[in-house]
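One file, run.cif, is given below (mmCIF, C-alpha atoms).
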```cif
data_input
#
loop_
_atom_site.label_atom_id
_atom_site.label_comp_id
_atom_site.auth_asym_id
_atom_site.auth_seq_id
_atom_site.Cartn_x
_atom_site.Cartn_y
_atom_site.Cartn_z
CA MET A 237 69.21 210.01 40.46
CA HIS A 238 67.85 210.73 37.03
CA ASP A 239 70.47 208.44 35.50
CA ALA A 240 69.49 205.64 37.83
CA VAL A 241 65.85 205.97 36.88
CA ALA A 242 66.71 206.09 33.19
CA SER A 243 68.93 203.00 33.37
CA GLY A 244 66.24 201.23 35.35
CA ALA A 245 63.76 202.02 32.60
CA THR A 246 66.08 200.77 29.86
CA HIS A 247 66.79 197.64 31.85
CA ALA A 248 63.08 197.03 32.24
CA LYS A 249 62.87 196.83 28.47
CA GLY A 250 65.75 194.32 28.44
CA GLN A 251 63.78 191.09 28.48
CA GLN A 252 60.64 191.90 26.54
CA HIS A 253 59.55 188.94 24.51
CA PRO A 254 56.16 188.13 23.08
CA ILE A 255 54.01 185.88 25.25
CA LYS A 256 53.65 183.59 22.25
CA LEU A 257 57.31 182.59 22.57
CA TYR A 258 56.75 181.37 26.14
CA LEU A 259 53.61 179.49 25.13
CA VAL A 260 55.43 177.79 22.25
CA VAL A 261 58.28 176.73 24.53
CA TRP A 262 55.73 175.54 27.07
CA GLY A 263 54.09 173.44 24.36
CA TRP A 264 57.43 171.96 23.33
CA LEU A 265 58.22 171.06 26.93
CA PHE A 266 54.88 169.22 27.11
CA VAL A 267 55.63 167.39 23.86
CA LEU A 268 59.10 166.38 25.04
CA SER A 269 57.77 165.21 28.42
CA THR A 270 55.12 163.15 26.66
CA CYS A 271 57.83 161.63 24.47
CA SER A 272 59.86 160.61 27.49
CA TYR A 273 56.76 159.07 29.06
CA LEU A 274 56.17 157.17 25.80
CA VAL A 275 59.70 155.75 26.00
CA ASP A 276 58.62 154.19 29.28
CA TYR A 277 55.15 153.25 27.96
CA PHE A 278 56.45 151.33 24.96
CA GLY A 279 58.99 149.61 27.21
CA LEU A 280 62.02 150.38 25.07
CA HIS A 281 65.18 148.88 26.50
CA GLY A 282 68.94 149.09 26.31
CA TYR A 283 70.91 151.84 24.67
CA LEU A 284 67.88 153.10 22.68
CA ARG A 285 65.97 153.77 25.92
CA TRP A 286 68.89 155.47 27.65
CA SER A 287 69.88 157.63 24.70
CA LEU A 288 66.26 158.74 24.12
CA ILE A 289 65.77 159.59 27.80
CA LEU A 290 69.00 161.58 27.86
CA LEU A 291 68.15 163.30 24.56
CA PHE A 292 64.72 164.47 25.77
CA MET A 293 66.24 165.46 29.12
CA VAL A 294 68.93 167.62 27.50
CA LEU A 295 66.44 169.22 25.08
CA LYS A 296 64.07 170.14 27.91
CA ALA A 297 66.91 171.47 30.07
CA GLY A 298 68.18 173.49 27.11
CA LEU A 299 64.77 175.06 26.45
CA ILE A 300 64.29 176.00 30.11
CA VAL A 301 67.77 177.51 30.45
CA ALA A 302 67.76 179.29 27.08
CA VAL A 303 64.25 180.78 27.03
CA PHE A 304 62.72 180.72 30.51
CA MET A 305 65.95 181.72 32.23
CA HIS A 306 66.82 184.13 29.37
CA MET A 307 70.25 182.63 28.77
CA ALA A 308 69.80 183.00 25.01
CA TRP A 309 69.80 186.80 25.36
CA GLU A 310 72.77 186.98 27.71
CA ARG A 311 76.29 187.82 26.68
CA LEU A 312 78.23 184.92 25.22
CA ALA A 313 80.91 185.20 27.92
CA LEU A 314 78.31 184.66 30.64
CA ALA A 315 76.82 181.68 28.83
CA TYR A 316 80.27 180.09 28.62
CA ALA A 317 81.03 180.90 32.27
CA ILE A 318 77.87 179.10 33.37
CA LEU A 319 77.70 176.22 30.90
CA LEU A 320 81.36 175.26 30.57
CA PRO A 321 82.07 174.09 34.17
CA PRO A 322 79.23 171.51 34.22
CA VAL A 323 80.36 170.27 30.80
CA LEU A 324 83.90 169.84 32.12
CA VAL A 325 82.54 167.90 35.10
CA LEU A 326 80.69 165.63 32.67
CA VAL A 327 83.93 165.12 30.69
CA PHE A 328 85.64 164.14 33.94
CA VAL A 329 82.81 161.71 34.73
CA ALA A 330 83.16 160.21 31.24
CA ILE A 331 86.91 159.75 31.77
CA MET A 332 86.23 158.00 35.07
CA VAL A 333 83.66 155.73 33.42
CA PHE A 334 86.16 154.75 30.71
CA GLU A 335 88.82 154.10 33.35
CA SER A 336 86.52 152.08 35.59
CA ASP A 337 87.02 148.80 33.69
CA TYR A 338 90.75 149.19 33.89
CA THR A 339 90.63 150.00 37.60
CA HIS A 340 88.32 147.06 38.20
CA LEU A 341 90.67 144.76 36.30
CA ILE A 342 93.63 145.87 38.42
CA ARG A 343 91.63 145.26 41.58
CA VAL A 344 90.60 141.80 40.44
CA ILE A 345 94.19 140.91 39.52
CA PHE A 346 95.93 142.23 42.62
CA PHE A 347 93.27 142.33 45.35
CA ALA A 348 91.13 139.30 44.54
CA PRO A 349 90.57 137.21 47.64
CA PRO A 350 92.41 133.86 47.41
CA THR A 351 90.03 131.06 46.55
CA MET B 267 54.03 165.68 38.32
CA THR B 268 56.33 166.58 35.46
CA PHE B 269 53.52 168.36 33.64
CA VAL B 270 52.51 170.24 36.79
CA LEU B 271 56.03 171.55 37.32
CA ILE B 272 56.52 172.42 33.65
CA SER B 273 53.25 174.33 33.66
CA SER B 274 54.38 176.22 36.74
CA SER B 275 57.56 177.19 34.92
CA GLY B 276 55.48 178.41 31.99
CA THR B 277 53.27 180.59 34.16
CA MET B 278 56.36 181.87 36.00
CA ALA B 279 58.05 182.84 32.73
CA MET B 280 54.95 184.81 31.75
CA ALA B 281 54.80 186.42 35.21
CA VAL B 282 58.39 187.61 34.73
CA ASN B 283 57.44 188.99 31.33
CA PHE B 284 54.50 190.95 32.76
CA GLY B 285 56.77 192.06 35.61
CA TYR B 286 59.02 193.76 33.07
CA ARG B 287 55.97 195.42 31.61
CA ARG B 288 54.97 196.57 35.12
CA ASP B 289 51.58 194.93 34.83
CA ARG B 290 50.94 194.40 38.53
CA THR B 291 47.73 192.41 38.38
CA LYS B 292 48.83 189.90 35.75
CA THR B 293 52.25 189.43 37.38
CA ALA B 294 50.76 188.78 40.81
CA VAL B 295 48.03 186.46 39.50
CA LEU B 296 50.47 184.43 37.41
CA MET B 297 52.87 184.15 40.35
CA LEU B 298 50.03 182.87 42.54
CA VAL B 299 49.09 180.34 39.83
CA THR B 300 52.74 179.25 39.81
CA ALA B 301 52.64 178.89 43.59
CA ALA B 302 49.45 176.82 43.31
CA PHE B 303 51.13 174.49 40.80
CA GLY B 304 54.12 174.21 43.14
CA ALA B 305 51.90 173.34 46.10
CA THR B 306 50.11 170.74 43.93
CA PHE B 307 53.48 169.24 43.07
CA VAL B 308 54.48 168.96 46.74
CA GLY B 309 51.11 167.37 47.49
CA MET B 310 51.59 164.78 44.77
CA GLN B 311 55.07 164.09 46.09
CA ALA B 312 53.64 163.48 49.55
CA PHE B 313 51.25 160.90 48.06
CA GLU B 314 54.08 159.26 46.15
CA TRP B 315 56.29 159.02 49.24
CA THR B 316 53.39 157.54 51.23
CA LYS B 317 52.83 154.90 48.55
CA LEU B 318 56.52 153.99 48.36
CA ILE B 319 56.85 153.80 52.15
CA MET B 320 53.76 151.57 52.28
CA GLU B 321 55.45 149.31 49.74
CA GLY B 322 58.46 148.99 51.99
CA VAL B 323 60.97 151.47 50.52
CA ARG B 324 63.10 153.01 53.26
CA PRO B 325 66.17 155.24 53.23
CA TRP B 326 68.16 152.13 54.20
CA ASP B 327 66.25 149.49 52.25
CA ASN B 328 64.53 148.85 48.92
CA PRO B 329 62.51 145.69 48.27
CA TRP B 330 63.20 145.73 44.50
CA GLY B 331 66.97 146.03 44.46
CA ALA B 332 69.93 148.01 45.73
CA ALA B 333 69.39 149.59 49.14
CA GLN B 334 71.22 152.68 47.89
CA PHE B 335 68.19 153.51 45.73
CA GLY B 336 66.09 154.16 48.82
CA SER B 337 68.61 156.50 50.40
CA SER B 338 69.44 158.47 47.27
CA PHE B 339 65.79 158.66 46.16
CA PHE B 340 64.51 160.02 49.45
CA MET B 341 67.44 162.38 49.89
CA ILE B 342 67.35 163.85 46.38
CA THR B 343 63.59 164.12 45.95
CA GLY B 344 63.34 165.30 49.55
CA PHE B 345 65.80 168.13 49.01
CA HIS B 346 64.06 169.02 45.75
CA GLY B 347 60.65 169.03 47.43
CA THR B 348 62.03 171.24 50.19
CA HIS B 349 63.20 173.74 47.61
CA VAL B 350 59.83 173.67 45.87
CA THR B 351 58.18 174.40 49.22
CA ILE B 352 60.55 177.30 49.90
CA GLY B 353 59.84 178.55 46.36
CA VAL B 354 56.08 178.49 46.96
CA ILE B 355 56.49 180.58 50.13
CA PHE B 356 58.83 182.97 48.33
CA LEU B 357 56.42 183.27 45.37
CA ILE B 358 53.50 184.12 47.63
CA ALA B 359 55.57 186.73 49.49
CA ILE B 360 56.76 188.42 46.29
CA ALA B 361 53.31 188.19 44.66
CA ARG B 362 51.88 190.04 47.67
CA LYS B 363 54.47 192.78 47.27
CA VAL B 364 53.75 193.08 43.54
CA TRP B 365 50.02 193.18 44.20
CA ARG B 366 50.43 195.91 46.79
CA GLY B 367 52.53 197.94 44.37
CA ASP B 368 55.66 197.98 46.55
CA PHE B 369 57.93 198.13 43.52
CA ASP B 370 56.12 201.06 41.92
CA VAL B 371 56.48 203.25 45.01
CA GLU B 372 59.88 201.71 45.93
CA ARG B 373 58.62 200.83 49.37
CA ARG B 374 61.35 199.60 51.69
CA GLY B 375 61.54 195.91 52.50
CA PHE B 376 60.59 194.41 55.84
CA PHE B 377 63.94 192.74 56.64
CA THR B 378 66.40 194.66 54.53
CA SER B 379 64.82 198.13 54.52
CA ARG B 380 66.10 198.52 50.97
CA LYS B 381 63.98 199.73 48.10
CA GLY B 382 62.22 197.03 46.10
CA HIS B 383 62.47 196.68 42.33
CA TYR B 384 60.73 194.54 39.77
CA GLU B 385 64.01 192.69 39.30
CA ILE B 386 63.04 190.50 42.25
CA VAL B 387 60.37 188.94 40.01
CA GLU B 388 63.07 187.86 37.57
CA ILE B 389 65.21 186.56 40.45
CA THR B 390 62.29 184.56 41.85
CA GLY B 391 61.73 183.28 38.32
CA LEU B 392 65.34 182.17 38.01
CA TYR B 393 65.06 180.28 41.31
CA TRP B 394 61.82 178.64 40.22
CA HIS B 395 63.12 177.65 36.77
CA PHE B 396 66.21 176.15 38.36
CA VAL B 397 64.05 174.02 40.65
CA ASP B 398 62.14 172.91 37.55
CA LEU B 399 65.44 172.25 35.75
CA VAL B 400 66.61 169.99 38.58
CA TRP B 401 63.32 168.11 38.32
CA VAL B 402 63.98 167.47 34.61
CA PHE B 403 67.15 165.62 35.60
CA ILE B 404 65.60 163.83 38.57
CA PHE B 405 62.66 162.71 36.46
CA ALA B 406 64.87 161.36 33.67
CA LEU B 407 67.40 159.61 35.87
CA PHE B 408 65.19 158.30 38.71
CA TYR B 409 61.78 157.67 37.20
CA LEU B 410 62.51 156.63 33.62
CA TRP B 411 65.98 155.06 33.78
#
```

Would it be possible to restate this file's structure as C-alpha coordinates?
Amino acid sequence: MHDAVASGATHAKGQQHPIKLYLVVWGWLFVLSTCSYLVDYFGLHGYLRWSLILLFMVLKAGLIVAVFMHMAWERLALAYAILLPPVLVLVFVAIMVFESDYTHLIRVIFFAPPT
Amino acid sequence: MTFVLISSSGTMAMAVNFGYRRDRTKTAVLMLVTAAFGATFVGMQAFEWTKLIMEGVRPWDNPWGAAQFGSSFFMITGFHGTHVTIGVIFLIAIARKVWRGDFDVERRGFFTSRKGHYEIVEITGLYWHFVDLVWVFIFALFYLW
(Lines of atoms letter the chains of each structure in order from A and count residues from 1; the text may use other names and numbers.)
(Lines give C-alpha, C1' and ligand atoms only; values in the text may rest on other atoms or scores of the structure.)
Protein backbone atom coordinates (compact mmCIF):
# COMPACT_ATOMS: atom_id res chain seq x y z
CA MET A 1 0.00 0.00 0.00
CA HIS A 2 2.73 2.38 0.99
CA ASP A 3 4.70 1.42 -2.11
CA ALA A 4 1.72 2.12 -4.31
CA VAL A 5 1.27 5.56 -2.81
CA ALA A 6 4.98 6.30 -3.15
CA SER A 7 5.10 5.22 -6.80
CA GLY A 8 1.97 7.24 -7.46
CA ALA A 9 3.69 10.28 -6.00
CA THR A 10 6.82 9.78 -8.08
CA HIS A 11 4.73 9.26 -11.17
CA ALA A 12 2.87 12.47 -10.48
CA LYS A 13 6.19 14.27 -10.76
CA GLY A 14 6.85 12.52 -14.09
CA GLN A 15 5.51 15.15 -16.46
CA GLN A 16 6.24 18.43 -14.72
CA HIS A 17 7.15 21.07 -17.22
CA PRO A 18 7.03 24.82 -16.89
CA ILE A 19 3.85 26.43 -18.19
CA LYS A 20 6.04 28.65 -20.35
CA LEU A 21 6.95 25.65 -22.51
CA TYR A 22 3.28 25.02 -23.32
CA LEU A 23 2.68 28.70 -24.07
CA VAL A 24 5.68 28.81 -26.40
CA VAL A 25 4.49 25.72 -28.27
CA TRP A 26 1.01 27.22 -28.42
CA GLY A 27 2.49 30.36 -29.94
CA TRP A 28 4.42 28.35 -32.51
CA LEU A 29 1.28 26.43 -33.47
CA PHE A 30 -0.46 29.78 -34.07
CA VAL A 31 2.45 31.01 -36.18
CA LEU A 32 2.51 27.83 -38.25
CA SER A 33 -1.27 27.91 -38.76
CA THR A 34 -1.03 31.53 -39.87
CA CYS A 35 1.70 30.53 -42.32
CA SER A 36 -0.46 27.83 -43.83
CA TYR A 37 -3.33 30.31 -44.16
CA LEU A 38 -0.92 32.72 -45.88
CA VAL A 39 -0.02 30.01 -48.41
CA ASP A 40 -3.69 30.04 -49.36
CA TYR A 41 -3.96 33.85 -49.13
CA PHE A 42 -1.08 34.53 -51.51
CA GLY A 43 -2.48 31.91 -53.88
CA LEU A 44 0.74 29.96 -54.28
CA HIS A 45 0.37 27.08 -56.70
CA GLY A 46 1.98 23.85 -57.77
CA TYR A 47 4.71 22.03 -55.93
CA LEU A 48 5.60 25.09 -53.80
CA ARG A 49 2.06 25.21 -52.39
CA TRP A 50 1.88 21.48 -51.71
CA SER A 51 5.31 21.22 -50.14
CA LEU A 52 4.68 24.25 -47.89
CA ILE A 53 1.29 22.91 -46.77
CA LEU A 54 2.81 19.52 -45.99
CA LEU A 55 5.80 21.11 -44.23
CA PHE A 56 3.61 23.23 -41.92
CA MET A 57 1.32 20.25 -41.35
CA VAL A 58 4.18 17.97 -40.31
CA LEU A 59 5.72 20.65 -38.06
CA LYS A 60 2.42 21.25 -36.27
CA ALA A 61 1.77 17.52 -35.89
CA GLY A 62 5.29 17.06 -34.55
CA LEU A 63 4.89 19.81 -31.95
CA ILE A 64 1.54 18.44 -30.74
CA VAL A 65 2.81 14.86 -30.49
CA ALA A 66 6.18 15.74 -28.95
CA VAL A 67 5.18 18.35 -26.37
CA PHE A 68 1.42 18.26 -25.76
CA MET A 69 1.25 14.47 -25.84
CA HIS A 70 4.61 14.19 -24.00
CA MET A 71 6.18 11.92 -26.59
CA ALA A 72 9.50 13.75 -26.25
CA TRP A 73 9.85 12.50 -22.67
CA GLU A 74 8.85 8.92 -23.40
CA ARG A 75 11.27 6.06 -23.84
CA LEU A 76 12.81 5.84 -27.29
CA ALA A 77 11.41 2.32 -27.82
CA LEU A 78 7.87 3.60 -27.32
CA ALA A 79 8.42 6.50 -29.70
CA TYR A 80 9.63 4.08 -32.37
CA ALA A 81 6.74 1.68 -31.71
CA ILE A 82 4.23 4.48 -32.28
CA LEU A 83 5.91 6.48 -35.05
CA LEU A 84 7.41 3.74 -37.20
CA PRO A 85 4.19 1.98 -38.39
CA PRO A 86 2.63 5.17 -39.85
CA VAL A 87 5.95 5.97 -41.54
CA LEU A 88 6.00 2.50 -43.09
CA VAL A 89 2.43 3.00 -44.32
CA LEU A 90 3.55 6.26 -45.93
CA VAL A 91 6.47 4.43 -47.59
CA PHE A 92 3.98 1.90 -48.95
CA VAL A 93 1.77 4.73 -50.25
CA ALA A 94 4.81 6.30 -51.93
CA ILE A 95 5.66 2.99 -53.61
CA MET A 96 2.09 2.71 -54.88
CA VAL A 97 2.23 6.28 -56.21
CA PHE A 98 5.46 5.52 -58.09
CA GLU A 99 3.94 2.33 -59.49
CA SER A 100 0.67 3.98 -60.52
CA ASP A 101 2.01 5.29 -63.85
CA TYR A 102 3.30 1.88 -64.74
CA THR A 103 0.02 0.21 -63.78
CA HIS A 104 -1.91 2.81 -65.73
CA LEU A 105 0.30 2.24 -68.78
CA ILE A 106 -0.32 -1.51 -68.64
CA ARG A 107 -4.05 -0.92 -68.40
CA VAL A 108 -4.02 1.46 -71.35
CA ILE A 109 -1.99 -1.00 -73.45
CA PHE A 110 -3.92 -4.17 -72.66
CA PHE A 111 -7.38 -3.03 -71.54
CA ALA A 112 -7.99 0.03 -73.71
CA PRO A 113 -11.39 -0.15 -75.35
CA PRO A 114 -11.08 -0.67 -79.13
CA THR A 115 -11.69 2.56 -80.99
CA MET B 1 -11.61 26.91 -36.62
CA THR B 2 -7.98 25.85 -36.68
CA PHE B 3 -7.06 28.51 -34.13
CA VAL B 4 -9.98 27.53 -31.89
CA LEU B 5 -8.91 23.89 -31.82
CA ILE B 6 -5.23 24.72 -31.33
CA SER B 7 -6.13 26.99 -28.43
CA SER B 8 -8.18 24.19 -26.90
CA SER B 9 -5.15 21.91 -27.15
CA GLY B 10 -3.05 24.56 -25.42
CA THR B 11 -5.47 24.94 -22.52
CA MET B 12 -5.75 21.14 -22.29
CA ALA B 13 -1.97 20.75 -22.09
CA MET B 14 -1.90 23.25 -19.23
CA ALA B 15 -4.81 21.49 -17.52
CA VAL B 16 -2.82 18.23 -17.64
CA ASN B 17 0.16 20.06 -16.16
CA PHE B 18 -1.90 21.43 -13.26
CA GLY B 19 -3.44 17.97 -12.86
CA TYR B 20 0.01 16.58 -12.15
CA ARG B 21 0.49 19.33 -9.61
CA ARG B 22 -2.88 18.41 -8.04
CA ASP B 23 -4.18 21.94 -8.44
CA ARG B 24 -7.87 21.12 -8.56
CA THR B 25 -9.30 24.53 -9.36
CA LYS B 26 -6.93 25.40 -12.20
CA THR B 27 -7.21 21.91 -13.73
CA ALA B 28 -11.01 21.97 -13.70
CA VAL B 29 -11.26 25.54 -15.00
CA LEU B 30 -8.79 24.89 -17.83
CA MET B 31 -10.62 21.69 -18.78
CA LEU B 32 -13.90 23.61 -18.93
CA VAL B 33 -12.24 26.27 -21.10
CA THR B 34 -11.05 23.45 -23.36
CA ALA B 35 -14.59 22.08 -23.51
CA ALA B 36 -15.90 25.55 -24.38
CA PHE B 37 -13.39 25.83 -27.25
CA GLY B 38 -14.44 22.36 -28.43
CA ALA B 39 -18.12 23.30 -28.36
CA THR B 40 -17.28 26.50 -30.30
CA PHE B 41 -15.51 24.39 -32.88
CA VAL B 42 -18.51 22.09 -33.33
CA GLY B 43 -20.75 25.15 -33.65
CA MET B 44 -18.55 26.62 -36.37
CA GLN B 45 -18.57 23.27 -38.13
CA ALA B 46 -22.36 23.25 -38.07
CA PHE B 47 -22.36 26.69 -39.75
CA GLU B 48 -19.84 25.51 -42.34
CA TRP B 49 -21.87 22.40 -43.17
CA THR B 50 -25.02 24.50 -43.50
CA LYS B 51 -23.27 26.87 -45.90
CA LEU B 52 -21.87 24.03 -48.02
CA ILE B 53 -25.23 22.23 -48.14
CA MET B 54 -26.91 25.50 -49.19
CA GLU B 55 -24.36 25.75 -52.00
CA GLY B 56 -25.33 22.31 -53.22
CA VAL B 57 -22.61 20.03 -51.80
CA ARG B 58 -24.02 16.61 -50.96
CA PRO B 59 -22.45 13.32 -49.90
CA TRP B 60 -23.13 12.11 -53.45
CA ASP B 61 -22.55 15.34 -55.37
CA ASN B 62 -20.28 18.38 -55.54
CA PRO B 63 -21.01 21.32 -57.85
CA TRP B 64 -17.31 22.26 -58.21
CA GLY B 65 -15.80 18.95 -59.21
CA ALA B 66 -15.50 15.29 -58.29
CA ALA B 67 -18.52 13.88 -56.48
CA GLN B 68 -16.16 11.92 -54.24
CA PHE B 69 -15.18 15.18 -52.53
CA GLY B 70 -18.66 15.53 -51.08
CA SER B 71 -18.74 12.02 -49.66
CA SER B 72 -15.23 12.02 -48.23
CA PHE B 73 -15.56 15.58 -46.86
CA PHE B 74 -18.79 14.92 -45.01
CA MET B 75 -17.67 11.53 -43.77
CA ILE B 76 -14.26 12.62 -42.51
CA THR B 77 -15.23 15.97 -40.99
CA GLY B 78 -18.39 14.35 -39.65
CA PHE B 79 -16.47 11.63 -37.84
CA HIS B 80 -14.01 14.22 -36.56
CA GLY B 81 -16.81 16.46 -35.32
CA THR B 82 -18.41 13.49 -33.59
CA HIS B 83 -15.19 12.81 -31.75
CA VAL B 84 -14.88 16.46 -30.75
CA THR B 85 -18.42 16.29 -29.36
CA ILE B 86 -17.63 13.12 -27.40
CA GLY B 87 -14.46 14.83 -26.15
CA VAL B 88 -16.43 17.83 -24.90
CA ILE B 89 -18.79 15.56 -22.94
CA PHE B 90 -15.85 13.60 -21.56
CA LEU B 91 -14.01 16.80 -20.59
CA ILE B 92 -17.01 18.14 -18.70
CA ALA B 93 -17.46 14.83 -16.87
CA ILE B 94 -13.81 14.63 -15.83
CA ALA B 95 -13.66 18.35 -14.94
CA ARG B 96 -16.61 17.80 -12.59
CA LYS B 97 -14.78 14.93 -10.91
CA VAL B 98 -11.61 17.01 -10.55
CA TRP B 99 -13.59 19.93 -9.16
CA ARG B 100 -15.32 17.70 -6.62
CA GLY B 101 -11.96 16.29 -5.53
CA ASP B 102 -12.76 12.68 -6.46
CA PHE B 103 -9.13 11.93 -7.21
CA ASP B 104 -7.84 13.30 -3.92
CA VAL B 105 -10.12 11.08 -1.85
CA GLU B 106 -9.95 8.21 -4.40
CA ARG B 107 -13.71 8.13 -4.65
CA ARG B 108 -15.01 5.18 -6.64
CA GLY B 109 -16.33 5.76 -10.14
CA PHE B 110 -20.00 5.63 -11.08
CA PHE B 111 -19.76 2.90 -13.74
CA THR B 112 -16.58 1.09 -12.87
CA SER B 113 -16.55 1.45 -9.07
CA ARG B 114 -12.77 1.69 -9.30
CA LYS B 115 -10.74 4.35 -7.56
CA GLY B 116 -10.06 7.49 -9.58
CA HIS B 117 -6.60 8.93 -10.16
CA TYR B 118 -5.30 12.12 -11.69
CA GLU B 119 -3.97 10.01 -14.57
CA ILE B 120 -7.40 10.27 -16.17
CA VAL B 121 -6.64 13.96 -16.83
CA GLU B 122 -3.60 12.96 -18.87
CA ILE B 123 -5.65 10.30 -20.69
CA THR B 124 -8.37 12.82 -21.52
CA GLY B 125 -5.60 15.13 -22.68
CA LEU B 126 -4.16 12.47 -24.97
CA TYR B 127 -7.60 11.90 -26.50
CA TRP B 128 -8.12 15.62 -26.99
CA HIS B 129 -4.66 16.22 -28.51
CA PHE B 130 -5.22 13.33 -30.90
CA VAL B 131 -8.49 14.87 -32.07
CA ASP B 132 -6.58 18.13 -32.60
CA LEU B 133 -3.81 16.22 -34.42
CA VAL B 134 -6.35 14.70 -36.82
CA TRP B 135 -7.69 18.19 -37.48
CA VAL B 136 -4.18 19.34 -38.47
CA PHE B 137 -4.21 16.73 -41.23
CA ILE B 138 -7.82 17.37 -42.27
CA PHE B 139 -7.20 21.11 -42.42
CA ALA B 140 -4.06 20.75 -44.55
CA LEU B 141 -5.43 18.16 -46.95
CA PHE B 142 -9.07 19.27 -47.32
CA TYR B 143 -9.09 23.03 -46.82
CA LEU B 144 -5.75 24.17 -48.20
CA TRP B 145 -4.86 21.58 -50.84

Might you spell out which residues the PyMOL selection byres ((chain B) within 7 of (chain A)) would select in the displayed file, as a CSV table (one decimal) with C-alpha atoms, in the coordinates of the input?
```csv
chain,number,residue,atom,x,y,z
B,269,PHE,CA,53.5,168.4,33.6
B,276,GLY,CA,55.5,178.4,32.0
B,279,ALA,CA,58.0,182.8,32.7
B,280,MET,CA,55.0,184.8,31.8
B,283,ASN,CA,57.4,189.0,31.3
B,286,TYR,CA,59.0,193.8,33.1
B,392,LEU,CA,65.3,182.2,38.0
B,395,HIS,CA,63.1,177.6,36.8
B,399,LEU,CA,65.4,172.2,35.8
B,402,VAL,CA,64.0,167.5,34.6
B,403,PHE,CA,67.2,165.6,35.6
B,406,ALA,CA,64.9,161.4,33.7
B,410,LEU,CA,62.5,156.6,33.6
B,411,TRP,CA,66.0,155.1,33.8
```

Would you please work out which residue, of B:Ala332, B:Val364, B:Ala294, B:Ala301, is nearest to Ser274 of chain B when using only C-alpha atoms?
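Looking only at the distances to Ser274 of chain B, the closest residue turns out to be B:Ala301.
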
Residues picked by the PyMOL selection byres ((chain B and resi 305-322) around 12) here, as a PyMOL selection string?
chain B and resi 267-274+298-304+323-331+333+335-336+339-341+343-355+357-358+397-398+401+409

Please identify all polymer residues within 12 Å of Thr291 of chain B, counting all atoms listed in the file, omitting same-chain residues fewer than 2 positions from it, and present them as a count of residues only.
19

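Interatomic distance, atom CA of Ile404 of chain B to atom CA of Ile331 of chain A: 22.7 Å.
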
Return as AutoDock Vina command-line options the centre and edge lengths, in Å with one decimal, of the box along x, y and z that encloses every atom of segment 317-325 of chain A in the file, padded by 6 Å per side.
```
--center_x 80.8 --center_y 174.4 --center_z 32.8 --size_x 18.2 --size_y 25.0 --size_z 16.5
```

Using only C-alpha atoms, which of the listed residues (B:Ile389, B:Ala359, B:Trp394, B:Tyr384) sits closest to Val371 of chain B?
B:Tyr384

Could you state the separation of atom CA of Leu326 of chain A and atom CA of Val267 of chain A in Å, given to one decimal place?
26.6 Å

List the spatial neighbours of Leu319 of chain A as a PDB file with C-alpha atoms, in the frame of the given file - criterion: any atom at most 12 Å away, all atoms listed in the file, same-chain residues fewer than 3 positions off excluded.
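What follows is the written file out_28.pdb:
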```
ATOM      1  CA  ALA A 297      66.910 171.470  30.070  1.00  0.00           C
ATOM      2  CA  GLY A 298      68.180 173.490  27.110  1.00  0.00           C
ATOM      3  CA  VAL A 301      67.770 177.510  30.450  1.00  0.00           C
ATOM      4  CA  ALA A 302      67.760 179.290  27.080  1.00  0.00           C
ATOM      5  CA  MET A 307      70.250 182.630  28.770  1.00  0.00           C
ATOM      6  CA  ALA A 308      69.800 183.000  25.010  1.00  0.00           C
ATOM      7  CA  LEU A 312      78.230 184.920  25.220  1.00  0.00           C
ATOM      8  CA  ALA A 313      80.910 185.200  27.920  1.00  0.00           C
ATOM      9  CA  LEU A 314      78.310 184.660  30.640  1.00  0.00           C
ATOM     10  CA  ALA A 315      76.820 181.680  28.830  1.00  0.00           C
ATOM     11  CA  TYR A 316      80.270 180.090  28.620  1.00  0.00           C
ATOM     12  CA  PRO A 322      79.230 171.510  34.220  1.00  0.00           C
ATOM     13  CA  VAL A 323      80.360 170.270  30.800  1.00  0.00           C
ATOM     14  CA  LEU A 324      83.900 169.840  32.120  1.00  0.00           C
ATOM     15  CA  VAL A 325      82.540 167.900  35.100  1.00  0.00           C
ATOM     16  CA  LEU A 326      80.690 165.630  32.670  1.00  0.00           C
TER      17      LEU A 326
END
```

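The interatomic distance for the pair atom CA of Phe405 of chain B and atom CA of Gly282 of chain A works out to 18.1 Å.
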
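Residue nearest Phe369 of chain B, chosen from B:Val387, B:Gly382, B:Val282, B:Arg290 and counting all atoms listed in the file: B:Gly382.
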